[in-house]
>>> print(open('final18.tsv').read())   # TSV, C-alpha atoms
chain	number	residue	atom	x	y	z
A	11	MET	CA	0.00	0.00	0.00
A	12	THR	CA	1.23	3.50	-0.77
A	13	ASP	CA	1.88	5.71	2.24
A	14	HIS	CA	-1.28	7.81	1.80
A	15	ALA	CA	-3.68	5.01	0.82
A	16	ARG	CA	-6.47	4.23	3.29
A	17	LEU	CA	-7.83	1.16	1.51
A	18	ARG	CA	-6.68	-1.38	-1.07
A	19	LEU	CA	-9.41	-2.63	-3.37
A	20	GLY	CA	-8.76	-5.81	-5.30
A	21	THR	CA	-10.31	-6.23	-8.73
A	22	ARG	CA	-10.04	-8.35	-11.82
A	23	GLN	CA	-8.25	-6.46	-14.57
A	24	SER	CA	-10.93	-6.69	-17.28
A	25	PRO	CA	-12.30	-3.29	-18.39
A	26	LEU	CA	-15.71	-3.95	-16.83
A	27	ALA	CA	-14.24	-5.15	-13.53
A	28	VAL	CA	-12.02	-2.05	-13.34
A	29	ALA	CA	-15.03	0.19	-14.09
A	30	GLN	CA	-16.85	-1.45	-11.18
A	31	ALA	CA	-13.85	-0.94	-8.89
A	32	GLU	CA	-13.64	2.71	-9.95
A	33	GLU	CA	-17.32	3.18	-9.11
A	34	THR	CA	-16.70	1.60	-5.71
A	35	ARG	CA	-13.72	3.91	-5.11
A	36	ARG	CA	-15.78	6.95	-6.10
A	37	ARG	CA	-18.58	6.04	-3.69
A	38	LEU	CA	-16.13	5.41	-0.85
A	39	CYS	CA	-14.43	8.74	-1.46
A	40	GLU	CA	-17.78	10.54	-1.43
A	41	ALA	CA	-18.85	8.76	1.75
A	42	HIS	CA	-15.64	9.41	3.68
A	43	GLY	CA	-14.38	12.66	2.17
A	44	TRP	CA	-11.26	11.03	0.71
A	45	SER	CA	-9.38	11.84	-2.45
A	46	GLU	CA	-9.23	9.09	-5.09
A	47	ASP	CA	-5.52	8.51	-4.52
A	48	GLN	CA	-6.33	7.36	-1.00
A	49	ILE	CA	-7.85	4.18	-2.40
A	50	GLU	CA	-5.47	1.90	-4.26
A	51	LEU	CA	-6.86	-0.38	-6.98
A	52	VAL	CA	-4.95	-3.68	-7.02
A	53	LYS	CA	-5.58	-5.61	-10.23
A	54	VAL	CA	-5.32	-9.35	-10.75
A	55	ARG	CA	-5.78	-11.49	-13.83
A	56	ALA	CA	-8.33	-14.04	-12.67
A	57	SER	CA	-8.27	-17.67	-13.78
A	58	GLY	CA	-11.60	-17.11	-15.51
A	59	ASP	CA	-10.02	-14.41	-17.66
A	60	LYS	CA	-7.04	-16.59	-18.56
A	61	ILE	CA	-9.08	-19.50	-19.94
A	62	GLN	CA	-11.37	-18.45	-22.79
A	63	ASP	CA	-11.76	-21.57	-24.93
A	64	ARG	CA	-14.10	-23.58	-22.69
A	65	PRO	CA	-17.37	-22.93	-20.85
A	66	LEU	CA	-16.84	-21.77	-17.28
A	67	ALA	CA	-18.93	-24.66	-15.96
A	68	ASP	CA	-16.45	-27.14	-17.44
A	69	ILE	CA	-13.33	-25.68	-15.85
A	70	GLY	CA	-14.18	-24.88	-12.25
A	71	GLY	CA	-17.22	-22.64	-12.22
A	72	LYS	CA	-17.59	-19.24	-10.56
A	73	ALA	CA	-14.62	-19.84	-8.26
A	74	LEU	CA	-12.42	-18.95	-11.22
A	75	TRP	CA	-13.57	-15.33	-10.87
A	76	THR	CA	-12.84	-15.08	-7.14
A	77	ARG	CA	-9.95	-17.47	-6.42
A	78	GLU	CA	-7.04	-15.04	-6.73
A	79	LEU	CA	-8.83	-12.25	-4.87
A	80	ASP	CA	-9.73	-14.67	-2.07
A	81	VAL	CA	-6.08	-15.57	-1.68
A	82	TRP	CA	-5.03	-11.93	-1.63
A	83	LEU	CA	-7.60	-11.18	1.08
A	84	ALA	CA	-6.33	-14.09	3.16
A	85	GLU	CA	-2.71	-12.96	2.71
A	86	GLY	CA	-3.51	-9.33	3.54
A	87	LYS	CA	-2.45	-8.02	0.12
A	88	ILE	CA	-5.81	-6.25	-0.25
A	89	ASP	CA	-8.41	-4.98	2.22
A	90	ALA	CA	-11.47	-5.69	0.11
A	91	ALA	CA	-12.43	-7.25	-3.24
A	92	VAL	CA	-14.93	-5.91	-5.77
A	93	HIS	CA	-17.13	-8.48	-7.52
A	94	SER	CA	-19.97	-8.76	-10.00
A	95	MET	CA	-22.34	-10.52	-7.63
A	96	LYS	CA	-23.77	-12.80	-10.29
A	97	ASP	CA	-20.25	-14.26	-10.64
A	98	VAL	CA	-19.73	-15.01	-6.94
A	99	GLU	CA	-20.22	-18.58	-5.72
A	100	THR	CA	-23.37	-19.06	-3.67
A	101	LEU	CA	-21.53	-20.54	-0.68
A	102	ARG	CA	-18.62	-18.43	0.52
A	103	PRO	CA	-16.11	-19.12	3.33
A	104	ASP	CA	-17.11	-17.93	6.79
A	105	SER	CA	-13.83	-16.02	6.85
A	106	LEU	CA	-15.20	-13.66	4.17
A	107	THR	CA	-18.16	-11.26	4.36
A	108	ILE	CA	-20.04	-9.45	1.62
A	109	ALA	CA	-19.94	-6.15	3.47
A	110	ALA	CA	-21.58	-3.90	0.90
A	111	ILE	CA	-23.75	-4.02	-2.19
A	112	LEU	CA	-23.84	-0.90	-4.35
A	113	PRO	CA	-27.17	0.35	-5.72
A	114	ARG	CA	-28.27	-2.32	-8.18
A	115	VAL	CA	-28.73	-1.07	-11.73
A	116	ASP	CA	-30.45	-2.43	-14.85
A	117	VAL	CA	-30.99	-6.18	-14.43
A	118	ARG	CA	-31.99	-6.82	-18.04
A	119	ASP	CA	-30.20	-8.77	-20.75
A	120	VAL	CA	-29.47	-7.04	-24.04
A	121	LEU	CA	-29.97	-8.88	-27.33
A	122	ILE	CA	-27.35	-8.04	-29.96
A	123	GLY	CA	-27.82	-8.98	-33.61
A	124	ALA	CA	-31.63	-8.77	-33.73
A	125	SER	CA	-34.24	-6.34	-32.44
A	126	SER	CA	-36.29	-9.00	-30.63
A	127	ILE	CA	-36.33	-12.71	-29.84
A	128	ALA	CA	-39.12	-13.19	-32.40
A	129	LEU	CA	-37.09	-11.48	-35.14
A	130	ILE	CA	-33.97	-13.61	-34.74
A	131	PRO	CA	-33.55	-15.32	-38.14
A	132	ARG	CA	-34.79	-18.90	-38.27
A	133	ASP	CA	-32.11	-21.51	-37.45
A	134	ALA	CA	-29.83	-18.76	-36.19
A	135	VAL	CA	-26.66	-19.43	-34.22
A	136	VAL	CA	-26.76	-17.91	-30.74
A	137	GLY	CA	-23.46	-17.29	-28.96
A	138	THR	CA	-23.56	-17.69	-25.18
A	139	SER	CA	-21.88	-19.76	-22.48
A	140	ALA	CA	-24.56	-19.05	-19.85
A	141	PRO	CA	-26.89	-22.04	-19.23
A	142	ARG	CA	-29.71	-19.64	-18.29
A	143	ARG	CA	-29.45	-17.71	-21.54
A	144	ALA	CA	-29.04	-20.87	-23.61
A	145	SER	CA	-32.01	-22.68	-22.06
A	146	GLN	CA	-34.23	-19.61	-22.07
A	147	MET	CA	-33.41	-18.98	-25.73
A	148	LEU	CA	-34.15	-22.58	-26.69
A	149	HIS	CA	-37.41	-22.37	-24.76
A	150	HIS	CA	-38.50	-19.40	-26.87
A	151	ARG	CA	-36.70	-20.40	-30.08
A	152	PRO	CA	-36.04	-24.16	-30.29
A	153	ASP	CA	-34.93	-23.73	-33.90
A	154	CYS	CA	-31.77	-21.90	-32.79
A	155	THR	CA	-28.36	-23.47	-32.22
A	156	ILE	CA	-26.25	-22.50	-29.21
A	157	VAL	CA	-22.48	-22.10	-29.50
A	158	SER	CA	-20.06	-21.31	-26.67
A	159	PHE	CA	-19.17	-17.62	-26.44
A	160	ARG	CA	-16.74	-16.53	-23.73
A	161	GLY	CA	-14.67	-13.46	-23.10
A	162	ASN	CA	-15.15	-9.88	-21.97
A	163	VAL	CA	-17.64	-7.56	-23.64
A	164	ALA	CA	-15.24	-6.44	-26.38
A	165	THR	CA	-14.19	-10.01	-27.14
A	166	ARG	CA	-17.76	-11.24	-27.50
A	167	LEU	CA	-18.76	-8.31	-29.68
A	168	ALA	CA	-15.72	-8.99	-31.87
A	169	LYS	CA	-16.70	-12.66	-32.18
A	170	LEU	CA	-20.17	-11.62	-33.22
A	171	ALA	CA	-18.79	-9.18	-35.79
A	172	ALA	CA	-16.55	-11.95	-37.15
A	173	GLY	CA	-19.60	-14.11	-37.83
A	174	GLU	CA	-19.04	-16.75	-35.15
A	175	ALA	CA	-22.71	-16.32	-34.22
A	176	ASP	CA	-25.75	-14.46	-35.52
A	177	VAL	CA	-26.80	-13.04	-32.15
A	178	THR	CA	-25.55	-12.90	-28.59
A	179	LEU	CA	-26.70	-11.59	-25.21
A	180	LEU	CA	-24.94	-9.33	-22.72
A	181	ALA	CA	-25.92	-7.78	-19.41
A	182	ALA	CA	-27.34	-4.27	-19.73
A	183	ALA	CA	-25.54	-3.26	-16.52
A	184	GLY	CA	-22.14	-4.10	-17.97
A	185	LEU	CA	-22.79	-2.20	-21.17
A	186	GLN	CA	-23.96	0.80	-19.17
A	187	ARG	CA	-20.85	0.76	-17.01
A	188	LEU	CA	-18.73	0.70	-20.16
A	189	ASP	CA	-20.73	3.58	-21.71
A	190	GLN	CA	-22.08	1.34	-24.47
A	191	THR	CA	-25.77	1.96	-23.92
A	192	SER	CA	-26.46	2.17	-27.66
A	193	THR	CA	-25.43	-1.46	-28.15
A	194	GLY	CA	-28.24	-3.95	-28.79
A	195	THR	CA	-31.85	-4.11	-27.61
A	196	PRO	CA	-32.74	-4.56	-23.92
A	197	LEU	CA	-35.19	-7.41	-23.30
A	198	ASP	CA	-38.23	-6.98	-21.07
A	199	ALA	CA	-37.20	-8.49	-17.73
A	200	ASP	CA	-40.75	-9.75	-17.08
A	201	ASP	CA	-40.60	-11.90	-20.21
A	202	TRP	CA	-36.88	-12.70	-20.25
A	203	LEU	CA	-35.85	-13.20	-16.64
A	204	PRO	CA	-32.31	-12.17	-15.65
A	205	ALA	CA	-29.67	-14.06	-13.70
A	206	PRO	CA	-29.67	-14.01	-9.90
A	207	ALA	CA	-27.84	-10.89	-8.64
A	208	GLN	CA	-27.41	-9.50	-12.16
A	209	GLY	CA	-26.58	-5.79	-12.16
A	210	ALA	CA	-25.20	-5.81	-8.60
A	211	ILE	CA	-21.67	-4.95	-7.47
A	212	GLY	CA	-20.56	-6.45	-4.16
A	213	ILE	CA	-17.57	-5.66	-1.98
A	214	GLU	CA	-16.17	-8.45	0.16
A	215	CYS	CA	-13.65	-8.33	2.99
A	216	ASN	CA	-12.28	-10.50	5.77
A	217	THR	CA	-14.97	-11.15	8.37
A	218	ALA	CA	-12.57	-10.36	11.20
A	219	ASP	CA	-11.58	-7.00	9.69
A	220	THR	CA	-14.07	-4.81	11.55
A	221	LYS	CA	-12.39	-1.58	10.47
A	222	THR	CA	-12.83	-2.32	6.77
A	223	ARG	CA	-16.36	-3.60	7.34
A	224	GLU	CA	-17.30	-0.29	8.97
A	225	LEU	CA	-15.82	1.68	6.07
A	226	LEU	CA	-17.72	-0.41	3.54
A	227	ASP	CA	-20.97	-0.18	5.48
A	228	ALA	CA	-21.13	3.50	4.51
A	229	ILE	CA	-21.73	2.59	0.86
A	230	ASP	CA	-24.04	-0.37	1.39
A	231	HIS	CA	-27.40	0.06	-0.35
A	232	ARG	CA	-29.96	-1.64	1.89
A	233	ASP	CA	-32.61	-2.57	-0.68
A	234	SER	CA	-30.03	-3.87	-3.15
A	235	HIS	CA	-28.34	-5.87	-0.39
A	236	LEU	CA	-31.62	-7.44	0.71
A	237	THR	CA	-32.59	-8.33	-2.86
A	238	VAL	CA	-29.24	-9.86	-3.74
A	239	MET	CA	-29.13	-11.90	-0.55
A	240	ALA	CA	-32.65	-13.17	-1.18
A	241	GLU	CA	-31.71	-14.27	-4.69
A	242	ARG	CA	-28.58	-15.95	-3.36
A	243	ALA	CA	-30.70	-17.74	-0.74
A	244	LEU	CA	-32.85	-19.04	-3.59
A	245	LEU	CA	-29.73	-20.32	-5.33
A	246	GLU	CA	-28.59	-21.96	-2.11
A	247	ALA	CA	-31.87	-23.85	-1.70
A	248	LEU	CA	-31.82	-24.96	-5.33
A	249	GLY	CA	-28.23	-26.12	-5.15
A	250	GLY	CA	-27.60	-24.03	-8.24
A	251	THR	CA	-24.28	-24.45	-10.01
A	252	CYS	CA	-22.75	-23.13	-13.21
A	253	HIS	CA	-24.71	-25.85	-15.03
A	254	SER	CA	-28.07	-24.73	-13.60
A	255	PRO	CA	-30.45	-22.69	-15.78
A	256	ILE	CA	-32.08	-20.47	-13.16
A	257	ALA	CA	-33.68	-17.09	-13.90
A	258	VAL	CA	-35.13	-14.75	-11.30
A	259	LEU	CA	-36.63	-11.27	-11.09
A	260	SER	CA	-37.14	-9.49	-7.77
A	261	ALA	CA	-38.59	-6.18	-6.71
A	262	ILE	CA	-38.48	-4.72	-3.23
A	263	ASN	CA	-41.07	-2.35	-1.79
A	264	ASP	CA	-40.67	-1.11	1.75
A	265	ASP	CA	-39.84	-4.28	3.69
A	266	ARG	CA	-41.33	-6.81	1.26
A	267	ILE	CA	-39.83	-8.56	-1.73
A	268	ALA	CA	-41.75	-9.89	-4.73
A	269	MET	CA	-39.86	-12.61	-6.55
A	270	LYS	CA	-40.59	-14.74	-9.57
A	271	ALA	CA	-38.30	-17.45	-10.81
A	272	SER	CA	-38.05	-20.03	-13.57
A	273	LEU	CA	-36.02	-23.21	-13.86
A	274	PHE	CA	-35.30	-24.79	-17.22
A	275	SER	CA	-34.04	-28.05	-18.66
A	276	ALA	CA	-30.84	-27.76	-20.70
A	277	ASP	CA	-32.74	-27.93	-23.99
A	278	GLY	CA	-35.32	-25.38	-22.86
A	279	ALA	CA	-38.22	-27.75	-23.51
A	280	GLU	CA	-39.09	-28.09	-19.82
A	281	ARG	CA	-39.80	-25.17	-17.51
A	282	VAL	CA	-41.17	-24.63	-14.03
A	283	ASP	CA	-42.25	-21.21	-12.74
A	284	GLY	CA	-43.12	-19.80	-9.36
A	285	SER	CA	-43.61	-16.54	-7.48
A	286	LEU	CA	-43.24	-15.40	-3.90
A	287	ASP	CA	-44.11	-12.36	-1.82
A	288	CYS	CA	-42.59	-12.17	1.66
A	289	LYS	CA	-40.63	-9.96	4.03
A	290	ALA	CA	-37.36	-8.98	2.38
A	291	ASP	CA	-35.24	-10.57	5.08
A	292	ALA	CA	-37.30	-13.77	5.37
A	293	LEU	CA	-34.62	-15.93	3.80
A	294	ASP	CA	-36.09	-19.15	5.16
A	295	GLU	CA	-39.26	-18.45	3.16
A	296	VAL	CA	-37.15	-17.83	0.07
A	297	ARG	CA	-35.34	-21.13	0.60
A	298	ALA	CA	-38.67	-22.93	1.01
A	299	PHE	CA	-39.81	-21.34	-2.25
A	300	GLY	CA	-36.70	-22.68	-3.96
A	301	ARG	CA	-37.26	-26.18	-2.61
A	302	ASP	CA	-40.86	-26.08	-3.83
A	303	LEU	CA	-39.75	-25.01	-7.30
A	304	LEU	CA	-37.30	-27.88	-7.44
A	305	ALA	CA	-39.87	-30.38	-6.17
A	306	ARG	CA	-42.20	-29.38	-9.02
A	307	GLY	CA	-39.48	-29.65	-11.63
A	308	THR	CA	-39.26	-32.48	-14.13
A	309	PRO	CA	-36.31	-34.90	-13.99
A	310	GLY	CA	-34.77	-32.95	-16.87
A	311	ILE	CA	-34.75	-29.87	-14.67
A	312	SER	CA	-33.91	-31.35	-11.26
A	313	ALA	CA	-30.89	-33.20	-12.69
A	314	LEU	CA	-29.24	-29.79	-13.20
A	315	PHE	CA	-29.59	-28.73	-9.56
A	316	GLU	CA	-28.03	-30.12	-6.40
A	317	GLY	CA	-30.72	-29.01	-3.94
A	318	GLN	CA	-32.84	-31.43	-1.93
>>> encode(input="final18.tsv", output="structure tokens")
Amino acid sequence: MTDHARLRLGTRQSPLAVAQAEETRRRLCEAHGWSEDQIELVKVRASGDKIQDRPLADIGGKALWTRELDVWLAEGKIDAAVHSMKDVETLRPDSLTIAAILPRVDVRDVLIGASSIALIPRDAVVGTSAPRRASQMLHHRPDCTIVSFRGNVATRLAKLAAGEADVTLLAAAGLQRLDQTSTGTPLDADDWLPAPAQGAIGIECNTADTKTRELLDAIDHRDSHLTVMAERALLEALGGTCHSPIAVLSAINDDRIAMKASLFSADGAERVDGSLDCKADALDEVRAFGRDLLARGTPGISALFEGQ
């Protein structure tokens, strides 16, 4: 740490990850009256960024986004780590705490290459490595073919431009944070459900580090935190993994959360839906909702989840 730095924030070195870390730094500076040079951004090349030729689910799952930052937290090289919450494993070590969630932004997916799902050319090739997007697309458009598409935003857009696929999907939040809001067509989140915790930035630190936890608490957005934790509780009950096609949309009003979720089979042919309205912090009710969804799922769906 430099002599004048008050906090070291760890981040992956992709452009989107750095943009998220810069937003976190800005909010911390505003909350505590610091100058930007008092927060040091420490960048790491995550395993998930190093391996681009295989689906994430085949090479270790979401841990590939957090592994290096976890080690740096344990070794004291950083004070906190900035994550896209949809990329953070559902079960985290007790030694780590998600101390803050920034205000959640646009949860929608953006379709690139066509102006709507209905107007995707027949028998089109869809580039995505997300089981949720693949299954949801095949549910709506079983004529399409899915091909693996990995990489950061620029890489995937370049693959699309090179003709490796006819259309692809990206998170609206990521495009907004990269000032690419004119790219593609946002999909209605009520019809095309997003991923759990999509659009949310989380900051994690060592559980025992009370000083850092107090600093991060100043930028924690309560409603976003409650919503993200509820969606992660749903994932926990489902036993969701990187192979699990799970889509969820939540809205919070006062102290209540309204949630609707869908589970899919890998080919999109089978689907189970459900909805819940409960107190925002009633995570046991959310878990029960997840177990009920899974119990109503077909074998083609339940085989993709590890919940009981």
>>> atom_distance(input="final18.tsv", atom1="atom CA of Gly307 of chain A", atom2="atom CA of Arg281 of chain A")
7.4 Å
>>> atom_distance(input="final18.tsv", atom1="atom CA of Ile311 of chain A", atom2="atom CA of Glu241 of chain A")
18.8 Å
>>> residues_around(input="final18.tsv", residues="segment 97-101 of chain A", least_positions_apart="5", cutoff="12 Å", atoms="all atoms listed in the file", output="VMD selection string")
chain A and resid 22 27 58 66 to 67 70 to 77 79 to 80 91 to 92 106 to 108 140 205 to 214 238 to 252
>>> closest_residue(input="final18.tsv", among="A:Leu148, A:Ala290, A:Ala183, A:Leu167", to="Met95 of chain A", atoms="only C-alpha atoms")
A:Ala183
>>> closest_residue(input="final18.tsv", among="A:Ser94, A:Thr21, A:Gln186, A:Asn216", to="Leu112 of chain A", atoms="all atoms listed in the file")
A:Ser94
>>> atom_distance(input="final18.tsv", atom1="atom CA of Thr195 of chain A", atom2="atom CA of Ser125 of chain A")
5.8 Å
>>> residues_around(input="final18.tsv", residues="Trp82 of chain A", least_positions_apart="6", cutoff="10 Å", atoms="only C-alpha atoms", output="number ranges by chain")
A: 20, 52, 54, 88-91
>>> residues_around(input="final18.tsv", residues="Pro113 of chain A", least_positions_apart="5", cutoff="9 Å", atoms="all atoms listed in the file", output="count of residues only")
10
>>> closest_residue(input="final18.tsv", among="A:Ala261, A:Ala84, A:Ile256, A:Ile122", to="Val282 of chain A", atoms="only C-alpha atoms")
A:Ile256
>>> closest_residue(input="final18.tsv", among="A:Glu174, A:Arg301, A:Ser139, A:Cys39", to="Gly161 of chain A", atoms="all atoms listed in the file")
A:Ser139
>>> closest_residue(input="final18.tsv", among="A:Val258, A:Asp153, A:Val115, A:Ala268", to="Leu185 of chain A", atoms="all atoms listed in the file")
A:Val115
>>> closest_residue(input="final18.tsv", among="A:His253, A:Arg36, A:Arg132, A:His93", to="Leu273 of chain A", atoms="all atoms listed in the file")
A:His253
>>> residues_near_point(input="final18.tsv", point="(-16.3, -15.4, -35.5)", cutoff="12 Å", atoms="all atoms listed in the file", output="PyMOL selection string")
chain A and resi 135-137+157-160+165-178
>>> decode(input="final18.tsv", residues="segment 164-180 of chain A", atoms="N, CA, C and O atoms", output="PDB file, in the first residue's frame")
ATOM      1  N   ALA A 164     -15.859  -6.731 -25.094  1.00  0.00           N
ATOM      2  CA  ALA A 164     -15.239  -6.440 -26.380  1.00  0.00           C
ATOM      3  C   ALA A 164     -14.950  -7.719 -27.164  1.00  0.00           C
ATOM      4  O   ALA A 164     -15.152  -7.774 -28.388  1.00  0.00           O
ATOM      5  N   THR A 165     -14.495  -8.750 -26.475  1.00  0.00           N
ATOM      6  CA  THR A 165     -14.186 -10.014 -27.142  1.00  0.00           C
ATOM      7  C   THR A 165     -15.436 -10.626 -27.740  1.00  0.00           C
ATOM      8  O   THR A 165     -15.439 -11.101 -28.886  1.00  0.00           O
ATOM      9  N   ARG A 166     -16.526 -10.625 -26.996  1.00  0.00           N
ATOM     10  CA  ARG A 166     -17.757 -11.238 -27.502  1.00  0.00           C
ATOM     11  C   ARG A 166     -18.352 -10.434 -28.653  1.00  0.00           C
ATOM     12  O   ARG A 166     -18.862 -11.007 -29.619  1.00  0.00           O
ATOM     13  N   LEU A 167     -18.273  -9.122 -28.568  1.00  0.00           N
ATOM     14  CA  LEU A 167     -18.756  -8.310 -29.678  1.00  0.00           C
ATOM     15  C   LEU A 167     -17.905  -8.530 -30.925  1.00  0.00           C
ATOM     16  O   LEU A 167     -18.420  -8.551 -32.054  1.00  0.00           O
ATOM     17  N   ALA A 168     -16.599  -8.718 -30.727  1.00  0.00           N
ATOM     18  CA  ALA A 168     -15.716  -8.990 -31.870  1.00  0.00           C
ATOM     19  C   ALA A 168     -16.032 -10.343 -32.490  1.00  0.00           C
ATOM     20  O   ALA A 168     -16.026 -10.498 -33.720  1.00  0.00           O
ATOM     21  N   LYS A 169     -16.323 -11.349 -31.668  1.00  0.00           N
ATOM     22  CA  LYS A 169     -16.695 -12.661 -32.182  1.00  0.00           C
ATOM     23  C   LYS A 169     -17.983 -12.583 -32.990  1.00  0.00           C
ATOM     24  O   LYS A 169     -18.117 -13.225 -34.040  1.00  0.00           O
ATOM     25  N   LEU A 170     -18.922 -11.786 -32.490  1.00  0.00           N
ATOM     26  CA  LEU A 170     -20.175 -11.617 -33.218  1.00  0.00           C
ATOM     27  C   LEU A 170     -19.924 -10.939 -34.559  1.00  0.00           C
ATOM     28  O   LEU A 170     -20.450 -11.377 -35.593  1.00  0.00           O
ATOM     29  N   ALA A 171     -19.106  -9.889 -34.550  1.00  0.00           N
ATOM     30  CA  ALA A 171     -18.792  -9.177 -35.792  1.00  0.00           C
ATOM     31  C   ALA A 171     -18.062 -10.066 -36.789  1.00  0.00           C
ATOM     32  O   ALA A 171     -18.200  -9.899 -38.011  1.00  0.00           O
ATOM     33  N   ALA A 172     -17.293 -11.042 -36.279  1.00  0.00           N
ATOM     34  CA  ALA A 172     -16.551 -11.953 -37.148  1.00  0.00           C
ATOM     35  C   ALA A 172     -17.428 -13.079 -37.704  1.00  0.00           C
ATOM     36  O   ALA A 172     -16.944 -13.909 -38.476  1.00  0.00           O
ATOM     37  N   GLY A 173     -18.689 -13.120 -37.293  1.00  0.00           N
ATOM     38  CA  GLY A 173     -19.601 -14.106 -37.828  1.00  0.00           C
ATOM     39  C   GLY A 173     -19.603 -15.440 -37.116  1.00  0.00           C
ATOM     40  O   GLY A 173     -20.146 -16.419 -37.630  1.00  0.00           O
ATOM     41  N   GLU A 174     -19.036 -15.489 -35.903  1.00  0.00           N
ATOM     42  CA  GLU A 174     -19.041 -16.746 -35.155  1.00  0.00           C
ATOM     43  C   GLU A 174     -20.432 -17.090 -34.634  1.00  0.00           C
ATOM     44  O   GLU A 174     -20.693 -18.227 -34.246  1.00  0.00           O
ATOM     45  N   ALA A 175     -21.314 -16.110 -34.602  1.00  0.00           N
ATOM     46  CA  ALA A 175     -22.714 -16.319 -34.222  1.00  0.00           C
ATOM     47  C   ALA A 175     -23.542 -15.226 -34.886  1.00  0.00           C
ATOM     48  O   ALA A 175     -23.009 -14.208 -35.345  1.00  0.00           O
ATOM     49  N   ASP A 176     -24.851 -15.468 -34.947  1.00  0.00           N
ATOM     50  CA  ASP A 176     -25.752 -14.462 -35.518  1.00  0.00           C
ATOM     51  C   ASP A 176     -26.199 -13.454 -34.470  1.00  0.00           C
ATOM     52  O   ASP A 176     -26.382 -12.273 -34.775  1.00  0.00           O
ATOM     53  N   VAL A 177     -26.397 -13.929 -33.248  1.00  0.00           N
ATOM     54  CA  VAL A 177     -26.801 -13.044 -32.150  1.00  0.00           C
ATOM     55  C   VAL A 177     -26.102 -13.477 -30.871  1.00  0.00           C
ATOM     56  O   VAL A 177     -25.632 -14.618 -30.754  1.00  0.00           O
ATOM     57  N   THR A 178     -26.055 -12.574 -29.927  1.00  0.00           N
ATOM     58  CA  THR A 178     -25.555 -12.900 -28.593  1.00  0.00           C
ATOM     59  C   THR A 178     -26.316 -12.061 -27.573  1.00  0.00           C
ATOM     60  O   THR A 178     -27.152 -11.215 -27.936  1.00  0.00           O
ATOM     61  N   LEU A 179     -26.041 -12.310 -26.308  1.00  0.00           N
ATOM     62  CA  LEU A 179     -26.702 -11.594 -25.211  1.00  0.00           C
ATOM     63  C   LEU A 179     -25.652 -11.119 -24.221  1.00  0.00           C
ATOM     64  O   LEU A 179     -24.705 -11.841 -23.914  1.00  0.00           O
ATOM     65  N   LEU A 180     -25.826  -9.899 -23.730  1.00  0.00           N
ATOM     66  CA  LEU A 180     -24.945  -9.333 -22.722  1.00  0.00           C
ATOM     67  C   LEU A 180     -25.791  -8.671 -21.648  1.00  0.00           C
ATOM     68  O   LEU A 180     -26.965  -8.357 -21.872  1.00  0.00           O
TER      69      LEU A 180
END
